[in-house]
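Below is the file upload.txt, which contains compact mmCIF, C-alpha atoms.
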```txt
# COMPACT_ATOMS: atom_id res chain seq x y z
CA MET T 134 -15.06 14.95 28.48
CA GLY T 135 -13.27 13.92 25.29
CA PHE T 136 -12.95 15.52 21.88
CA VAL T 137 -14.56 14.81 18.50
CA VAL T 138 -12.42 13.92 15.47
CA LEU T 139 -13.49 15.28 12.07
CA HIS T 140 -10.82 15.12 9.36
CA MET T 141 -11.48 16.03 5.69
CA GLU T 142 -9.04 15.75 2.78
CA LYS T 143 -9.25 15.78 -0.99
CA ALA T 144 -8.77 12.50 -2.87
CA HIS T 145 -6.65 12.68 -6.03
CA GLY T 146 -6.85 10.42 -9.08
CA SER T 147 -8.90 7.23 -8.87
CA ASP T 148 -8.15 6.87 -5.12
CA SER T 149 -8.02 3.09 -5.58
CA GLY T 150 -5.48 2.70 -2.76
CA THR T 151 -7.87 4.23 -0.23
CA THR T 152 -10.69 2.05 -1.59
CA ALA T 153 -8.58 -1.08 -0.98
CA HIS T 154 -7.88 0.10 2.58
CA ILE T 155 -11.50 1.03 3.42
CA GLU T 156 -13.09 -2.03 1.76
CA ARG T 157 -10.42 -4.23 3.39
CA PHE T 158 -9.26 -5.76 0.11
CA ILE T 159 -5.89 -5.54 1.85
CA ILE T 160 -5.64 -5.91 5.65
CA PRO T 161 -3.50 -3.01 7.00
CA LYS T 162 -0.81 -3.49 9.63
CA ASN T 163 -2.74 -1.70 12.38
CA ALA T 164 -5.90 -3.81 11.96
CA ASP T 165 -6.82 -7.00 13.86
CA PRO T 166 -7.88 -9.66 11.28
CA THR T 167 -9.93 -11.46 13.95
CA ARG T 168 -12.20 -8.38 14.30
CA THR T 169 -12.61 -7.49 10.61
CA HIS T 170 -16.00 -9.21 10.52
CA LEU T 171 -17.29 -6.51 12.93
CA ASN T 172 -16.83 -3.80 10.26
CA ARG T 173 -20.05 -2.55 8.59
CA LYS T 174 -21.18 -0.63 5.51
CA LEU T 175 -23.42 2.26 6.54
CA VAL T 176 -24.45 3.17 2.96
CA ALA T 177 -25.86 0.49 0.64
CA TYR T 178 -24.46 0.53 -2.91
CA PRO T 179 -26.89 0.68 -5.88
CA ASP T 180 -27.42 -2.39 -8.03
CA GLY T 181 -24.36 -3.25 -10.09
CA ILE T 182 -21.97 -1.27 -7.82
CA LYS T 183 -19.42 -3.41 -6.01
CA ASP T 184 -17.08 -0.96 -4.29
CA ARG T 185 -16.45 2.65 -3.29
CA SER T 186 -14.64 3.66 -6.51
CA ALA T 187 -17.54 2.44 -8.66
CA ALA T 188 -19.99 4.34 -6.44
CA ILE T 189 -18.02 7.56 -7.03
CA ARG T 190 -18.12 7.04 -10.81
CA ARG T 191 -21.88 6.32 -10.74
CA ARG T 192 -22.61 9.54 -8.83
CA LEU T 193 -20.55 11.60 -11.31
CA GLU T 194 -22.37 10.01 -14.25
CA GLU T 195 -25.84 10.66 -12.80
CA ALA T 196 -25.19 14.16 -11.39
CA GLY T 197 -26.00 15.97 -14.67
CA LEU T 198 -22.66 17.78 -15.00
CA THR T 199 -22.40 20.01 -18.08
CA ARG T 200 -18.64 20.56 -17.99
CA LYS T 201 -16.07 17.89 -18.78
CA ILE T 202 -14.27 16.62 -15.66
CA GLY T 203 -10.59 17.63 -15.80
CA ASN T 204 -7.78 15.21 -15.02
CA ASN T 205 -6.71 17.35 -12.07
CA GLN T 206 -10.20 17.79 -10.60
CA VAL T 207 -11.04 16.31 -7.20
CA ARG T 208 -13.70 13.65 -7.64
CA ALA T 209 -14.18 12.78 -3.97
CA ILE T 210 -13.47 14.05 -0.47
CA ARG T 211 -12.37 11.60 2.25
CA ILE T 212 -13.93 12.22 5.68
CA ASN T 213 -12.76 10.41 8.83
CA VAL T 214 -14.81 10.81 12.05
CA SER T 215 -14.20 9.40 15.51
CA GLY T 216 -13.58 10.55 19.08
CA THR T 217 -11.12 10.26 21.92
CA HIS T 218 -10.13 6.61 22.40
CA GLU T 219 -11.52 6.34 25.94
CA ASP T 220 -14.85 7.95 24.95
CA MET T 221 -15.30 5.70 21.90
CA GLU T 222 -14.67 2.66 24.11
CA ARG T 223 -17.28 3.99 26.53
CA ILE T 224 -19.84 4.54 23.74
CA GLU T 225 -19.20 0.99 22.46
CA ARG T 226 -19.42 -0.45 25.97
CA GLU T 227 -22.73 1.34 26.63
CA GLY T 228 -24.23 -0.12 23.43
CA ARG T 229 -24.67 3.30 21.78
CA LEU T 230 -22.37 2.71 18.80
CA ASP T 231 -25.30 2.15 16.38
CA GLU T 232 -26.94 5.35 17.58
CA TRP T 233 -23.65 7.22 17.13
CA CYS T 234 -23.36 5.91 13.54
CA ALA T 235 -26.95 6.94 12.73
CA ASP T 236 -26.39 10.47 14.06
CA ASN T 237 -23.22 10.76 11.99
CA MET T 238 -24.98 9.73 8.79
CA LYS T 239 -27.83 12.19 9.49
CA TYR T 240 -25.35 15.02 10.03
CA PHE T 241 -23.51 14.41 6.74
CA ALA T 242 -26.75 13.89 4.76
CA ASP T 243 -28.16 17.18 6.11
CA THR T 244 -24.89 19.05 5.54
CA PHE T 245 -23.82 17.83 2.09
CA GLY T 246 -26.91 16.12 0.65
CA LYS T 247 -27.75 12.43 1.03
CA GLU T 248 -27.17 11.75 -2.69
CA ASN T 249 -23.56 13.01 -2.42
CA ILE T 250 -22.63 10.58 0.40
CA VAL T 251 -21.81 7.56 -1.78
CA ALA T 252 -20.02 5.38 0.79
CA ALA T 253 -19.58 5.08 4.57
CA HIS T 254 -17.79 2.30 6.46
CA LEU T 255 -17.56 1.67 10.20
CA HIS T 256 -14.21 0.13 11.20
CA ARG T 257 -14.00 -1.75 14.50
CA ASP T 258 -10.94 -3.86 13.76
CA GLU T 259 -8.53 -1.00 14.60
CA GLU T 260 -7.69 0.44 18.01
CA THR T 261 -10.45 3.10 18.04
CA PRO T 262 -13.86 2.72 16.29
CA HIS T 263 -14.20 5.25 13.46
CA ILE T 264 -16.15 5.92 10.23
CA HIS T 265 -14.79 6.54 6.72
CA VAL T 266 -17.25 8.72 4.76
CA THR T 267 -16.86 9.38 1.01
CA LEU T 268 -18.33 12.64 -0.28
CA VAL T 269 -18.65 13.53 -4.00
CA PRO T 270 -18.43 17.38 -4.09
CA ILE T 271 -21.44 18.16 -6.30
CA VAL T 272 -22.54 21.77 -5.70
CA LYS T 273 -24.88 24.36 -7.20
CA GLY T 274 -24.52 28.12 -7.45
CA GLU T 275 -22.39 30.77 -9.11
CA ARG T 276 -18.70 30.03 -9.64
CA LYS T 277 -16.23 32.06 -7.58
CA ARG T 278 -14.39 33.22 -10.69
CA ARG T 279 -17.51 34.67 -12.27
CA LYS T 280 -17.09 38.18 -10.83
CA ARG T 281 -13.43 38.34 -11.86
CA GLU T 282 -14.32 37.13 -15.36
CA GLU T 283 -17.01 39.83 -15.70
CA GLN T 284 -14.44 42.52 -14.81
CA ALA T 285 -11.93 41.24 -17.38
CA LYS T 286 -11.88 42.56 -20.95
CA LYS T 287 -12.63 39.14 -22.41
CA ARG T 288 -16.31 38.30 -22.28
CA TYR T 289 -17.38 34.83 -21.25
CA ARG T 290 -20.62 33.13 -22.15
CA LYS T 291 -23.05 33.53 -19.26
CA LYS T 292 -24.29 30.35 -17.65
CA PRO T 293 -27.23 29.71 -15.30
CA THR T 294 -26.35 30.33 -11.66
CA ASP T 295 -27.95 27.06 -10.53
CA THR T 296 -25.86 24.81 -12.80
CA VAL T 297 -24.69 21.57 -11.19
CA ARG T 298 -20.91 21.66 -10.75
CA LEU T 299 -18.11 19.44 -9.39
CA CYS T 300 -16.10 21.68 -7.05
CA ALA T 301 -14.29 20.55 -3.89
CA ASP T 302 -12.92 24.06 -3.28
CA ASP T 303 -16.43 25.40 -2.64
CA ILE T 304 -16.95 22.80 0.10
CA MET T 305 -13.51 23.05 1.72
CA THR T 306 -13.09 26.79 2.22
CA ARG T 307 -11.44 27.90 5.47
CA LEU T 308 -14.68 29.33 6.90
CA ARG T 309 -16.73 26.24 6.00
CA LEU T 310 -14.18 23.85 7.47
CA LYS T 311 -14.35 25.79 10.73
CA SER T 312 -18.16 25.71 10.56
CA TYR T 313 -18.13 21.91 10.08
CA GLN T 314 -16.04 21.52 13.24
CA ASP T 315 -18.52 23.65 15.23
CA THR T 316 -21.73 22.03 13.97
CA TYR T 317 -20.34 18.48 14.15
CA ALA T 318 -19.31 19.02 17.79
CA GLU T 319 -22.85 20.23 18.55
CA ALA T 320 -24.30 17.05 16.98
CA MET T 321 -21.95 14.83 19.03
CA ALA T 322 -22.37 16.66 22.36
CA LYS T 323 -24.99 14.11 23.50
CA TYR T 324 -22.20 11.48 23.61
CA GLY T 325 -20.01 13.55 25.93
CA LEU T 326 -17.75 14.77 23.11
CA GLN T 327 -16.73 18.38 22.55
CA ARG T 328 -15.02 20.45 19.86
CA GLY T 329 -11.24 20.52 19.73
CA ILE T 330 -9.30 23.64 20.63
CA ASP T 331 -9.83 26.32 17.96
CA GLY T 332 -6.51 27.17 16.29
CA SER T 333 -4.69 24.16 17.77
CA LYS T 334 -1.35 23.20 16.21
CA ALA T 335 -2.29 19.50 16.30
CA ARG T 336 -2.32 17.86 12.87
CA HIS T 337 -3.83 14.65 11.53
CA LYS T 338 -1.31 11.87 10.97
CA SER T 339 -1.63 10.27 7.51
CA THR T 340 -1.81 6.50 7.05
CA GLN T 341 1.54 6.45 5.23
CA GLN T 342 3.17 8.43 8.04
CA TYR T 343 1.70 6.02 10.59
CA TYR T 344 3.06 3.00 8.70
CA ASN T 345 6.52 4.61 8.42
CA GLU T 346 6.61 5.24 12.16
CA THR T 347 5.41 1.67 12.79
CA LYS T 348 8.27 0.32 10.65
CA LYS T 349 10.79 2.42 12.56
CA LEU T 350 9.34 1.13 15.84
CA ALA T 351 9.58 -2.48 14.58
CA ASP T 352 13.24 -1.96 13.64
CA SER T 353 13.88 -0.46 17.07
CA LEU T 354 12.16 -3.44 18.76
CA LYS T 355 14.34 -5.86 16.78
CA ALA T 356 17.45 -4.06 17.98
CA GLU T 357 16.12 -4.17 21.57
CA VAL T 358 15.42 -7.90 21.24
CA VAL T 359 19.02 -8.50 20.17
CA ASP T 360 20.24 -6.38 23.09
CA LEU T 361 17.97 -8.25 25.52
CA GLN T 362 19.30 -11.54 24.20
CA ARG T 363 22.86 -10.40 24.93
CA GLN T 364 21.80 -9.25 28.41
CA LYS T 365 20.16 -12.62 29.01
CA GLU T 366 23.36 -14.45 28.10
CA THR T 367 25.34 -12.13 30.42
CA VAL T 368 22.91 -12.75 33.31
CA GLN T 369 23.04 -16.51 32.75
CA GLU T 370 26.84 -16.38 32.85
CA GLU T 371 26.65 -14.39 36.10
CA LEU T 372 24.23 -16.96 37.50
CA ARG T 373 26.57 -19.84 36.70
CA ARG T 374 29.52 -18.00 38.25
CA THR T 375 27.47 -17.12 41.35
CA LYS T 376 26.38 -20.74 41.79
CA LYS T 377 30.03 -21.83 41.72
CA GLU T 378 30.92 -19.19 44.29
CA ILE T 379 28.04 -20.27 46.57
CA GLN T 380 29.09 -23.88 46.29
CA THR T 381 32.61 -22.87 47.32
CA GLU T 382 31.24 -20.76 50.18
CA LYS T 383 29.11 -23.68 51.37
CA LEU T 384 32.17 -25.91 51.49
CA LYS T 385 34.07 -23.23 53.37
CA GLY T 386 31.12 -22.79 55.73
CA ALA T 387 31.02 -26.51 56.45
CA ALA T 388 34.73 -26.54 57.17
CA THR T 389 34.40 -23.45 59.37
CA THR T 390 31.50 -25.02 61.29
CA ALA T 391 33.53 -28.16 61.92
CA ALA T 392 36.50 -26.09 63.07
CA ALA T 393 34.25 -24.04 65.35
CA ASN T 394 32.79 -27.15 66.90
CA ILE T 395 36.29 -28.48 67.60
CA ALA T 396 37.39 -25.11 68.97
CA GLU T 397 34.30 -24.94 71.19
CA SER T 398 35.08 -28.36 72.57
CA VAL T 399 38.65 -27.37 73.24
CA GLY T 400 37.55 -24.04 74.75
CA SER T 401 35.19 -25.79 77.08
CA LEU T 402 38.08 -27.86 78.26
CA PHE T 403 40.51 -24.94 78.64
CA GLY T 404 38.03 -22.08 79.18
CA SER T 405 39.57 -19.85 76.42
CA ASN T 406 37.55 -16.92 74.86
CA LYS T 407 39.49 -17.06 71.57
CA VAL T 408 37.28 -19.86 70.25
CA LYS T 409 34.40 -17.39 69.83
CA THR T 410 36.13 -15.71 66.87
CA PRO T 411 35.46 -18.60 64.39
CA GLU T 412 31.80 -18.50 65.47
CA ARG T 413 31.49 -14.86 64.42
CA GLU T 414 33.21 -15.57 61.10
CA ASN T 415 30.91 -18.55 60.53
CA ALA T 416 27.81 -16.35 61.16
CA ALA T 417 29.11 -13.75 58.68
CA LEU T 418 29.61 -16.45 56.05
CA HIS T 419 26.05 -17.69 56.55
CA ARG T 420 24.73 -14.16 56.05
CA GLU T 421 26.79 -13.84 52.84
CA VAL T 422 25.40 -17.15 51.55
CA ALA T 423 21.85 -15.94 52.25
CA THR T 424 22.59 -12.72 50.35
CA HIS T 425 23.86 -14.72 47.36
CA GLY T 426 20.70 -16.85 47.46
CA GLU T 427 18.52 -13.73 47.22
CA ALA T 428 20.62 -12.46 44.30
CA ILE T 429 20.13 -15.78 42.51
CA GLU T 430 16.34 -15.58 42.93
CA ALA T 431 16.31 -12.00 41.61
CA LEU T 432 18.40 -13.04 38.58
CA GLN T 433 16.11 -15.98 37.85
CA THR T 434 13.05 -13.69 38.03
CA ARG T 435 14.73 -11.21 35.68
CA ILE T 436 15.60 -13.98 33.18
CA GLN T 437 12.00 -15.23 33.18
CA THR T 438 10.68 -11.70 32.58
CA MET T 439 13.12 -11.15 29.69
CA GLN T 440 12.13 -14.49 28.13
CA ASN T 441 8.42 -13.58 28.31
CA ASP T 442 9.04 -10.12 26.78
CA HIS T 443 11.17 -11.64 24.02
CA HIS T 444 8.49 -14.21 23.16
CA ARG T 445 5.74 -11.57 23.04
CA GLU T 446 7.76 -9.20 20.84
CA ARG T 447 8.71 -12.05 18.51
CA MET T 448 5.04 -13.04 18.06
CA GLU T 449 4.08 -9.41 17.34
CA LEU T 450 6.83 -9.09 14.72
CA GLU T 451 5.79 -12.35 13.05
CA ALA T 452 2.16 -11.16 12.84
CA LYS T 453 3.24 -7.85 11.31
CA ASN T 454 5.49 -9.63 8.78
CA LEU T 455 2.65 -11.96 7.73
CA SER T 456 0.32 -8.99 7.23
CA GLU T 457 2.92 -7.13 5.15
CA LEU T 458 3.58 -10.25 3.05
CA SER T 459 -0.14 -10.63 2.31
CA ARG T 460 -0.36 -6.97 1.30
CA LYS T 461 2.61 -7.25 -1.07
CA GLU T 462 1.26 -10.46 -2.64
CA ALA T 463 -2.09 -8.78 -3.30
CA ALA T 464 -0.37 -5.74 -4.82
CA HIS T 465 1.81 -8.00 -7.00
CA THR T 466 -1.25 -9.90 -8.23
CA GLU T 467 -3.01 -6.64 -9.07
CA GLU T 468 0.02 -5.31 -10.96
CA THR T 469 0.42 -8.58 -12.90
CA THR T 470 -3.23 -8.48 -13.97
CA ARG T 471 -2.89 -4.87 -15.07
CA LEU T 472 0.18 -5.64 -17.20
CA LYS T 473 -1.50 -8.66 -18.81
CA ASN T 474 -4.52 -6.55 -19.72
CA ARG T 475 -2.23 -3.90 -21.17
CA ILE T 476 -0.41 -6.48 -23.33
CA LEU T 477 -3.74 -7.85 -24.60
CA TRP T 478 -4.88 -4.33 -25.44
CA GLN T 479 -1.63 -3.58 -27.32
CA ASN T 480 -1.98 -6.79 -29.31
CA HIS T 481 -5.55 -5.80 -30.14
CA ILE T 482 -4.39 -2.36 -31.33
CA ILE T 483 -1.66 -3.94 -33.48
CA GLY T 484 -4.20 -6.28 -35.01
CA CYS T 485 -6.55 -3.39 -35.78
CA LEU T 486 -3.75 -1.34 -37.34
CA SER T 487 -2.62 -4.32 -39.38
CA PHE T 488 -6.16 -4.85 -40.66
CA LEU T 489 -6.49 -1.18 -41.65
CA LEU T 490 -3.12 -1.11 -43.39
CA LEU T 491 -3.89 -4.32 -45.24
CA LYS T 492 -7.18 -2.83 -46.43
CA THR T 493 -5.79 0.59 -47.38
CA SER T 494 -2.17 0.11 -48.46
CA ASP T 495 -1.39 -2.00 -51.49
CA ILE T 496 2.36 -1.84 -50.76
CA PHE T 497 1.87 -3.03 -47.19
CA ARG T 498 -0.40 -5.87 -48.38
CA LYS T 499 2.12 -7.00 -50.99
CA ALA T 500 4.95 -6.96 -48.42
CA VAL T 501 2.96 -9.03 -45.92
CA HIS T 502 1.89 -11.56 -48.57
CA GLY T 503 5.51 -11.79 -49.75
CA ILE T 504 6.65 -12.66 -46.21
CA ILE T 505 3.90 -15.29 -45.86
CA ARG T 506 4.73 -16.89 -49.24
CA LEU T 507 8.44 -17.06 -48.38
CA ALA T 508 7.73 -18.58 -44.93
CA ARG T 509 5.42 -21.28 -46.39
CA ASP T 510 7.69 -22.18 -49.34
CA TYR T 511 9.75 -25.05 -48.00
CA TYR T 512 12.35 -24.92 -50.79
CA LYS T 513 12.72 -21.16 -51.18
CA PRO T 514 15.49 -19.95 -48.82
CA ARG T 515 15.31 -16.14 -49.28
CA PHE T 516 13.34 -13.17 -50.71
CA ASP T 517 13.58 -12.26 -54.37
CA THR T 518 14.35 -8.73 -55.63
CA GLU T 519 10.67 -7.71 -55.94
CA GLN T 520 9.83 -8.85 -52.42
CA VAL T 521 12.83 -6.96 -51.01
CA SER T 522 11.71 -3.80 -52.85
CA ASP T 523 8.17 -4.11 -51.44
CA ILE T 524 9.44 -4.49 -47.87
CA LYS T 525 11.95 -1.63 -48.26
CA SER T 526 9.13 0.61 -49.52
CA VAL T 527 7.09 -0.10 -46.40
CA LEU T 528 10.14 0.56 -44.18
CA ASN T 529 10.71 3.92 -45.87
CA LEU T 530 7.08 4.89 -45.27
CA PHE T 531 7.75 4.70 -41.53
CA GLY T 532 10.90 6.87 -41.70
CA ASP T 533 14.46 7.01 -42.91
CA ASP T 534 16.35 6.08 -39.72
CA LYS T 535 17.36 2.63 -38.51
CA GLN T 536 15.07 2.72 -35.44
CA SER T 537 12.00 3.44 -37.60
CA HIS T 538 12.96 0.59 -39.96
CA ARG T 539 13.29 -1.80 -37.02
CA ALA T 540 9.82 -0.84 -35.73
CA ALA T 541 8.30 -1.21 -39.23
CA GLY T 542 9.98 -4.62 -39.68
CA ASP T 543 8.58 -5.82 -36.35
CA PHE T 544 5.14 -4.60 -37.40
CA LEU T 545 5.35 -6.44 -40.75
CA TYR T 546 6.50 -9.64 -39.07
CA ILE T 547 3.72 -9.57 -36.43
CA THR T 548 1.09 -8.86 -39.11
CA ALA T 549 2.35 -11.72 -41.29
CA THR T 550 2.37 -14.23 -38.40
CA GLN T 551 -1.17 -13.26 -37.41
CA LYS T 552 -2.57 -13.26 -40.94
CA GLY T 553 -0.71 -16.34 -42.16
CA LYS T 554 -1.03 -18.41 -38.95
CA LEU T 555 2.59 -19.56 -39.34
CA ASP T 556 4.06 -22.45 -37.39
CA ASN T 557 7.35 -22.25 -35.46
CA ARG T 558 9.61 -23.07 -38.43
CA GLU T 559 7.82 -20.59 -40.67
CA GLN T 560 7.98 -17.88 -38.01
CA ILE T 561 11.75 -18.36 -37.56
CA LYS T 562 12.32 -18.19 -41.32
CA ALA T 563 10.16 -15.06 -41.71
CA ARG T 564 11.81 -13.33 -38.75
CA ARG T 565 15.31 -14.03 -40.08
CA GLU T 566 14.65 -12.74 -43.60
CA VAL T 567 12.78 -9.62 -42.41
CA ASP T 568 15.72 -8.82 -40.10
CA ASN T 569 18.11 -9.23 -43.06
CA VAL T 570 16.15 -6.64 -45.06
CA VAL T 571 15.96 -4.26 -42.09
CA GLU T 572 19.70 -4.56 -41.37
CA GLY T 573 20.53 -3.86 -45.06
CA ARG T 574 21.98 -7.27 -45.87
CA TYR T 575 19.91 -7.36 -49.07
CA ASP T 576 21.00 -3.92 -50.30
CA GLN T 577 23.98 -4.91 -52.47
CA GLN T 578 22.14 -7.92 -53.89
CA GLN T 579 19.12 -5.78 -54.71
CA LYS T 580 21.30 -3.33 -56.66
CA ARG T 581 22.81 -6.23 -58.64
CA GLY T 582 19.37 -7.69 -59.32
CA PHE T 583 19.67 -11.11 -57.70
CA SER T 584 19.01 -12.66 -54.30
CA MET T 585 21.55 -12.84 -51.49
CA ARG T 586 23.58 -16.05 -51.35
CA ARG T 587 24.67 -17.60 -48.07
```
Write out the structure in this file as structure tokens.
Amino acid sequence: MGFVVLHMEKAHGSDSGTTAHIERFIIPKNADPTRTHLNRKLVAYPDGIKDRSAAIRRRLEEAGLTRKIGNNQVRAIRINVSGTHEDMERIEREGRLDEWCADNMKYFADTFGKENIVAAHLHRDEETPHIHVTLVPIVKGERKRRKREEQAKKRYRKKPTDTVRLCADDIMTRLRLKSYQDTYAEAMAKYGLQRGIDGSKARHKSTQQYYNETKKLADSLKAEVVDLQRQKETVQEELRRTKKEIQTEKLKGAATTAAANIAESVGSLFGSNKVKTPERENAALHREVATHGEAIEALQTRIQTMQNDHHRERMELEAKNLSELSRKEAAHTEETTRLKNRILWQNHIIGCLSFLLLKTSDIFRKAVHGIIRLARDYYKPRFDTEQVSDIKSVLNLFGDDKQSHRAAGDFLYITATQKGKLDNREQIKARREVDNVVEGRYDQQQKRGFSMRR
């Protein structure tokens, strides 16, 4: 009789990494891609919801929460349920896997509320069938801190005791976690599963820990493959040397047999017993040759076994490498998209700021128009004194240090290029003259009252 598996942990942040794992946006190393089509969603998403993360957000929006959700609050609880590997194989073999899934969903709906179970996925592409359940911890009732707050000197505004709250701590207290283990084992008893040992030191192994151990095992297998290759070369060298020795022994045996035949003929003529000695030596040599033949067969069998093991390990490593490469490519694509969106958003913010400054600041507007006029004037090579003064005024509004002036100059240049729709030549000219003002190359000429000469 096997044991049930019920593991609960709090999800932090958006939990997008777990969503990618559960929804199989990225195929993990320990999953068989040829069996991924056997996975199933046990909870249908509402209209407009495409994945687990969106389902969590929808539940939080529709729950009727009155308090703002803090950045450090737990928005979801990850639940992983399964059983002993042999028992889960038996349940699958007996055709009771659908019944097992239905009983699991009924248990969680009765325990936590059907509306709080926003996602559930059955995975059959890993070694043991299991279910990932996502619970949004919406609770009702009086807060635990209420009694302590009433005893404090500071008075807090009283709130209704049945207010809807988001609180994972209320769900995952020590006593309730123990109760879940007891009641879940009772629900799964019909499948020959029982509760684990109360107070056991066994701990759940995280996905990251599993992947780290898998990587260490792969590195160890690579080292063993190299060692096996060296052993194979050594055995092959022994085989070649043994074959040469056997060939030599065969030649010696043939010579000994011929000598024995001659000695036997002579002994028959003279009746001497000494001719029997070569016969015994010849028999011993034949036994030695037979022994060498058995050794050769054993070596050949060992070489074939090593070759088969090497081929199997090499195929497994190649499959793992391909899976890891696909995962990294997907992560790179996601990161690239995120950075592009961030750049577009920054450009949008700059454009909005530029528009506001142009509408509200006469100095900023004059400086930008001065840059545009200079860039479009084919024959005018540099700013005049008034244009330099306008730009310097804008720089000083941003601060009095060189770094602030550089940032303000970049802002002026970007605004001018966007507003004036300058071509490449005009952009280069505007950039060069704005940099000259920022770097102070116009300062002496401005004091003298005429433009800088080159």
query: Between T:Arg509, T:Gly135, T:Leu230, T:Ala252, which one has atoms that come closest to T:Thr152, using all atoms listed in the file?
result: T:Ala252
task: Work out how far apart atom CA of T:Leu507 and atom CA of T:Arg565 are and give it in Å to one decimal.
output: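 Interatomic distance, atom CA of T:Leu507 to atom CA of T:Arg565: 11.2 Å.
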message: Need the shell around T:Arg506: protein/DNA/RNA residues with any atom at most 10 Å away, counting only C-alpha atoms. Skip same-chain ones fewer than 2 positions apart. Format as a PyMOL selection string?
response: chain T and resi 500-504+508-511+513+516+549+553+559+563
Next, the residues of the selection above should be written as a PDB file, keeping the file's coordinate frame with C-alpha atoms.
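So again_33.pdb came out as:
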```
ATOM      1  CA  ALA T 500       4.950  -6.960 -48.420  1.00  0.00           C
ATOM      2  CA  VAL T 501       2.960  -9.030 -45.920  1.00  0.00           C
ATOM      3  CA  HIS T 502       1.890 -11.560 -48.570  1.00  0.00           C
ATOM      4  CA  GLY T 503       5.510 -11.790 -49.750  1.00  0.00           C
ATOM      5  CA  ILE T 504       6.650 -12.660 -46.210  1.00  0.00           C
ATOM      6  CA  ALA T 508       7.730 -18.580 -44.930  1.00  0.00           C
ATOM      7  CA  ARG T 509       5.420 -21.280 -46.390  1.00  0.00           C
ATOM      8  CA  ASP T 510       7.690 -22.180 -49.340  1.00  0.00           C
ATOM      9  CA  TYR T 511       9.750 -25.050 -48.000  1.00  0.00           C
ATOM     10  CA  LYS T 513      12.720 -21.160 -51.180  1.00  0.00           C
ATOM     11  CA  PHE T 516      13.340 -13.170 -50.710  1.00  0.00           C
ATOM     12  CA  ALA T 549       2.350 -11.720 -41.290  1.00  0.00           C
ATOM     13  CA  GLY T 553      -0.710 -16.340 -42.160  1.00  0.00           C
ATOM     14  CA  GLU T 559       7.820 -20.590 -40.670  1.00  0.00           C
ATOM     15  CA  ALA T 563      10.160 -15.060 -41.710  1.00  0.00           C
TER      16      ALA T 563
END
```
task: Using only C-alpha atoms, find all polymer residues with an atom at most 12 Å away from the point (23.3, -23.9, 43.5); report them as an MDAnalysis selection string.
output: chainID T and resid 372:383 422:423 425:430
message: Calculated over all atoms listed in the file, which of the candidates T:Asn474, T:Gln327, T:Gln437, T:Asn172 has the smallest distance to T:Phe136?
response: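 So, comparing all the options, the nearest one is T:Gln327.
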How about completing stretch 176-187 of chain T with N, CA and C atoms and giving it to me as a PDB file, in the frame of the given file?
```
ATOM      1  N   VAL T 176     -23.716   2.716   4.143  1.00  0.00           N
ATOM      2  CA  VAL T 176     -24.450   3.170   2.960  1.00  0.00           C
ATOM      3  C   VAL T 176     -24.513   2.009   1.971  1.00  0.00           C
ATOM      4  N   ALA T 177     -25.706   1.604   1.581  1.00  0.00           N
ATOM      5  CA  ALA T 177     -25.860   0.490   0.640  1.00  0.00           C
ATOM      6  C   ALA T 177     -25.565   0.974  -0.780  1.00  0.00           C
ATOM      7  N   TYR T 178     -24.786   0.180  -1.523  1.00  0.00           N
ATOM      8  CA  TYR T 178     -24.460   0.530  -2.910  1.00  0.00           C
ATOM      9  C   TYR T 178     -25.659   0.224  -3.824  1.00  0.00           C
ATOM     10  N   PRO T 179     -25.830   1.006  -4.901  1.00  0.00           N
ATOM     11  CA  PRO T 179     -26.890   0.680  -5.880  1.00  0.00           C
ATOM     12  C   PRO T 179     -26.603  -0.634  -6.589  1.00  0.00           C
ATOM     13  N   ASP T 180     -27.592  -1.142  -7.299  1.00  0.00           N
ATOM     14  CA  ASP T 180     -27.420  -2.390  -8.030  1.00  0.00           C
ATOM     15  C   ASP T 180     -26.299  -2.246  -9.059  1.00  0.00           C
ATOM     16  N   GLY T 181     -25.453  -3.258  -9.125  1.00  0.00           N
ATOM     17  CA  GLY T 181     -24.360  -3.250 -10.090  1.00  0.00           C
ATOM     18  C   GLY T 181     -23.101  -2.556  -9.579  1.00  0.00           C
ATOM     19  N   ILE T 182     -23.136  -1.955  -8.392  1.00  0.00           N
ATOM     20  CA  ILE T 182     -21.970  -1.270  -7.820  1.00  0.00           C
ATOM     21  C   ILE T 182     -21.361  -2.171  -6.749  1.00  0.00           C
ATOM     22  N   LYS T 183     -20.064  -2.452  -6.906  1.00  0.00           N
ATOM     23  CA  LYS T 183     -19.420  -3.410  -6.010  1.00  0.00           C
ATOM     24  C   LYS T 183     -18.518  -2.765  -4.972  1.00  0.00           C
ATOM     25  N   ASP T 184     -17.991  -1.567  -5.245  1.00  0.00           N
ATOM     26  CA  ASP T 184     -17.080  -0.960  -4.290  1.00  0.00           C
ATOM     27  C   ASP T 184     -17.205   0.556  -4.309  1.00  0.00           C
ATOM     28  N   ARG T 185     -16.410   1.198  -3.486  1.00  0.00           N
ATOM     29  CA  ARG T 185     -16.450   2.650  -3.290  1.00  0.00           C
ATOM     30  C   ARG T 185     -16.089   3.404  -4.562  1.00  0.00           C
ATOM     31  N   SER T 186     -15.057   2.958  -5.295  1.00  0.00           N
ATOM     32  CA  SER T 186     -14.640   3.660  -6.510  1.00  0.00           C
ATOM     33  C   SER T 186     -15.747   3.653  -7.558  1.00  0.00           C
ATOM     34  N   ALA T 187     -16.430   2.521  -7.704  1.00  0.00           N
ATOM     35  CA  ALA T 187     -17.540   2.440  -8.660  1.00  0.00           C
ATOM     36  C   ALA T 187     -18.698   3.348  -8.231  1.00  0.00           C
TER      37      ALA T 187
END
```
